[in-house]
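Asker: Pasting a structure here, questions to come.
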Protein chains: 4
Amino acid sequence: MQKVAILGLGIMGNGMAHNLLKAGFALTVYNRSREKAAALEAAGAQVADTPKAAAESAELIVAMVADDAASRSVWLGDDGALAGVRSDTLLIECSTLSTGWVRELAELAGRRGCAFLDAPVTGSKPVAESGELGFLVGGDAAALERARPVLEAMGQRINHLGPVGSGAIMKLINNLMGGVHVAVLAEGMLLAEQAGLDMQQVVTLLSNGAPGSPMVKGKAPRIAARDYDTHFALRWMHKDLSYALDEASRHNVPLPTVAAAREIYRLALGQGFGDQDFAAVTEALRPKPE
Amino acid sequence: MQKVAILGLGIMGNGMAHNLLKAGFALTVYNRSREKAAALEAAGAQVADTPKAAAESAELIVAMVADDAASRSVWLGDDGALAGVRSDTLLIECSTLSTGWVRELAELAGRRGCAFLDAPVTGSKPVAESGELGFLVGGDAAALERARPVLEAMGQRINHLGPVGSGAIMKLINNLMGGVHVAVLAEGMLLAEQAGLDMQQVVTLLSNGAPGSPMVKGKAPRIAARDYDTHFALRWMHKDLSYALDEASRHNVPLPTVAAAREIYRLALGQGFGDQDFAAVTEALRPKPE
Amino acid sequence: MQKVAILGLGIMGNGMAHNLLKAGFALTVYNRSREKAAALEAAGAQVADTPKAAAESAELIVAMVADDAASRSVWLGDDGALAGVRSDTLLIECSTLSTGWVRELAELAGRRGCAFLDAPVTGSKPVAESGELGFLVGGDAAALERARPVLEAMGQRINHLGPVGSGAIMKLINNLMGGVHVAVLAEGMLLAEQAGLDMQQVVTLLSNGAPGSPMVKGKAPRIAARDYDTHFALRWMHKDLSYALDEASRHNVPLPTVAAAREIYRLALGQGFGDQDFAAVTEALRPKPE
Amino acid sequence: MQKVAILGLGIMGNGMAHNLLKAGFALTVYNRSREKAAALEAAGAQVADTPKAAAESAELIVAMVADDAASRSVWLGDDGALAGVRSDTLLIECSTLSTGWVRELAELAGRRGCAFLDAPVTGSKPVAESGELGFLVGGDAAALERARPVLEAMGQRINHLGPVGSGAIMKLINNLMGGVHVAVLAEGMLLAEQAGLDMQQVVTLLSNGAPGSPMVKGKAPRIAARDYDTHFALRWMHKDLSYALDEASRHNVPLPTVAAAREIYRLALGQGFGDQDFAAVTEALRPKPE
């Protein structure tokens, strides 16, 4: 079996790591705060002190972190993973990142002779735990074939979108749609609430009707219950919409509804909702009783 | 069987009228341009020259027109339906209208002793033809029971939302979500297109993913094919978003993504896309090749 | 001297009425709550109990009220001013209204043989008091000549824009620009504040720089001081932006920044800022200290 | 007199360089395309082949380029200016840049022992030529005193905003207001045009009224004449609004009108208006005759 390193043990990375162990891979893990690695260590994973140390023992490295800054910090610098790779190491970035940084990282990988895939995931915590993630992959087909056994241990639907960066773009498109679906859901449900409709009925009608996306079906009952337990933190949705808007600038595509949504997520950020589920954007828009 | 009049024989009204005939109701129809009534006349409907004349022969009147102005013109004035009603006539407005006008009309109906329901429909042309429409009903329960046989001849899911105006509000909420879902779909698909992704793959991923609402599933392949054959005209989506924003003003609910979407539908209106399907909003945003 | 009636004694109407008295016109005033007329009565004005009564004694009627609904209530109905006019009465609507209602009112006036002008004003409370208002006039030139002595008693710059409705449109354009200027000023000043700049310096630089409109110069120091003493109430700015967006729908003109601004004024309305100055929109956007 | 290098001879840099020569400074100039330096060479300037070569001869270096990417390219790399500085060289960045890059550059300067000022300018081409620019300066006071003679040769109003980055932030605030003022001016003037108002009268009323900022006064007549001769290119306004939105993300400040405006500038970019004056955003919104 391949030796795999995983960098980043957040909600998603943790589930992915457990599935790699279950599938029998020799696994080394790294996380900024080491305590998150305890359960994995007990289950048989090696724990590295630096990304570089994790990389040195690996044939294939998977990163799963929050944003460009976190990705830069695990790959770059004296202790970064790039300092520990060999020319035959395969690098897989599963985080949701800007395409600018993804392409820069791919180039840095190339200079060290390493193949690189951007492979952001679709699915949230329970899906990561059950090994049913989807992967949106950019990079060359040969590299994807080398990665396939590892990806299949963590997920099910592996979509090859095209050259490096293609996976990152598709992920941003997926998330910009999710971000706007939830923003307009918040708007519509607040209108229903203020107009005095029965919210359970509204949840049912929207879920079963034309706007009933899985996103809407998942969030509508939680908005009705004001349950913002974090499946995906509002600050990361704000970040993803920001990356999508940057990408749009590169291609001269206007994104007016995304832009409007991003500002209200930022409004919610400024009101302290950053660590709650992004459906908490509802609270930033709700009229206050007089 | 009840004697029914139907006012308005557009795409939707026409399908509804045929289903009423099929179910055995004695039907009188009125349409501004009489030629649209020919097939119904051949199938056994009476054709009235004015809404008033249609109303005089009816126990129950269904209106299905485009907007507030059209609704005012069939109900009000010397030749309007209100001039022909009796105190036991039941009035059912199935058009998508502003709640302001719906409440005004309900009051005018009440002055003549008539019961009134707002009962806008969900579903588009094929659903109207197959008799599978949904109804979002506002008004009192007794009136709804009287209307039920007629509504069941035209549709399947009859949802009672609350007092007069509740159906109209729920319909606006449904449509504001549809309008924003298609606007952000246009944005996301244009970003995919300009970034060079394979559009069939994008359609599949969005349709099967978290944003895969029935609306997204229906429109994504058509946007990819630039097929804007009219299921629901862009000018009516612009109108519905406008009514929703007016309703939001009444309740102090901000609708930032709806507001952004409404302006780009208006941009598309100004470019001549008003009579095409509202998915044609895509064309107003697409970067032009240099 | 002409006999003049004035309907509406709010902040603006009150100042206008005093100037008409000063100029020697025989003045009858009407206000919904009669106590606001006391000072004018002491100064020599007649006080009427209904708009109709005020109209009966007048050759020229000036209305200055808050919105379409208030305008309808003073002109229409059994006690409304239209019920008291003669065919040679000249009607002048100085309120900021939707063009739809202005044109409807002009038509109703025409049916009674009355000439009609829409003549909304520019300037706020102190300008109304000093008799330096500007008038944006729609209607025919002969009617404007008849109105001129009265308008000149209340203001200075009388601009004839074109046929009925032209004054109303120009006023909406003026106010939509003011509404957006203050919205973006709020945004920019909050960014300056959160970034730690010296706010007095920011006020000076913005006031003296390219964005230094009279509107910006007037509001910037008040936003810095969080002084929202009402010069123009936020709810009326929300209303004017709404009328402007309706007007834009008639002409297929997209107004994306106006639409974005209107939603944040509505956000502020929902937080209870409706009766404060519209610069209070700043408070609805300010990040909260954690 | 100090030896000065100027990097970037665009519209602004060229005027600044001529004023430095006039004031008697020993001047070395660098521009990516050397032909733009010909007139300055004839007037007595040295022309360097690389930013590094320009830097080696200078006590004080002024950069005036288009964006972050251009700024990176003149400062960084083997031929970049930072490779040629001494520890007593004073670096002044006059370009409008993101604060992220400004702070990164300041740190790189600091590592070489160099003092650094961000000093973006207000004013356009004619103002640059007449030596009347304003400077918005961030950095320490001692460095500003060293820079003052050079800045005074190019401009008049030197405002010290605070530590490094403060000038950059203030410039972005200034430009976000200008960008929105012109966007809403375009919206308002199109509404006036489509409603049939006399555009000369509209220009006069807006220029003399509450929204009459210098920006509005300058652009309104040009929009009426459809004269988009470039004073400030639309692509740079799009860039500045993008930097402002990034800055807002750092401080959790929502900028809804800026966000709406940025998307319509991008719409105009996609239609080929990037090199025209940013007032050309009007053309992207104008309804097309049917």
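So you can find residues: chains in the structure tokens are A, B, ... in the order shown, residues in each start at 1, and ligands are numbered from 1 in order.
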Find the spatial neighbours of segment 274-287 of chain C, counting only C-alpha atoms, within a cut-off of 9 Å - ignore same-chain residues fewer than 3 positions away - and output them as a ChimeraX atom specification.
Answerer: /A:267-272 /C:179,182-183,185-187,189-190,194,219-220,222-223,226-238,264-271,290 /D:251-255
Asker: Could you list, as a VMD selection string, every residue within 12 Å of Ser87 of chain A, counting only C-alpha atoms and ignoring same-chain residues fewer than 3 positions away?
Answerer: chain A and resid 55 to 56 58 to 60 82 to 84 90 to 91 108 to 116
Asker: Could you name the residues that touch Gly100 of chain D at 9 Å or less, counting only C-alpha atoms, but leaving out those on the same chain fewer than 3 positions away, as a ChimeraX atom specification?
Answerer: /D:97,103-105,165,247
Asker: Lys125 of chain D: which residues within 8 Å, counting only C-alpha atoms, same-chain residues fewer than 2 positions away excluded, as a list of chain:residue names?
Answerer: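 Result of the neighbour search: D:Ile11, D:Met12, D:Gly15, D:Gly123, D:Val127, D:Ala128, D:Glu129, D:His231.
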Asker: Pull the strand (DSSP E or B) assignments for segment 94-238 of chain A out of DSSP run on the backbone, and list those residues as an MDAnalysis selection string.
Answerer: chainID A and resid 115:118 121:122 133:138 155:162 233
Asker: Generate a file of the selected residues that holds C-alpha atoms, formatted as a PDB file, in the first residue's frame.
Answerer:
```pdb
ATOM      1  CA  ALA A 115       2.979  15.794 -10.005  1.00  0.00           C
ATOM      2  CA  PHE A 116       0.120  17.867  -8.606  1.00  0.00           C
ATOM      3  CA  LEU A 117      -3.655  17.567  -8.477  1.00  0.00           C
ATOM      4  CA  ASP A 118      -6.216  20.050  -7.195  1.00  0.00           C
ATOM      5  CA  VAL A 121     -14.244  17.793  -2.232  1.00  0.00           C
ATOM      6  CA  THR A 122     -18.005  18.046  -2.201  1.00  0.00           C
ATOM      7  CA  LEU A 133     -17.072  12.487  -0.656  1.00  0.00           C
ATOM      8  CA  GLY A 134     -17.021  13.628  -4.247  1.00  0.00           C
ATOM      9  CA  PHE A 135     -13.773  14.903  -5.780  1.00  0.00           C
ATOM     10  CA  LEU A 136     -13.519  17.643  -8.390  1.00  0.00           C
ATOM     11  CA  VAL A 137     -10.126  17.015  -9.898  1.00  0.00           C
ATOM     12  CA  GLY A 138      -7.833  19.214 -11.986  1.00  0.00           C
ATOM     13  CA  GLY A 155     -14.921   9.122  -1.556  1.00  0.00           C
ATOM     14  CA  GLN A 156     -17.015   7.815  -4.380  1.00  0.00           C
ATOM     15  CA  ARG A 157     -17.516  10.192  -7.246  1.00  0.00           C
ATOM     16  CA  ILE A 158     -14.239  11.233  -8.840  1.00  0.00           C
ATOM     17  CA  ASN A 159     -14.748  13.809 -11.571  1.00  0.00           C
ATOM     18  CA  HIS A 160     -11.838  14.827 -13.755  1.00  0.00           C
ATOM     19  CA  LEU A 161     -12.527  18.390 -14.875  1.00  0.00           C
ATOM     20  CA  GLY A 162      -9.406  19.203 -16.898  1.00  0.00           C
ATOM     21  CA  ALA A 233     -18.774  27.877   8.956  1.00  0.00           C
TER      22      ALA A 233
END
```
Asker: Measuring atom to atom with only C-alpha atoms, identify which of D:Pro120, D:Gly24, D:Gly188, D:Pro51 is nearest to Met170 of chain D.
Answerer: D:Pro120
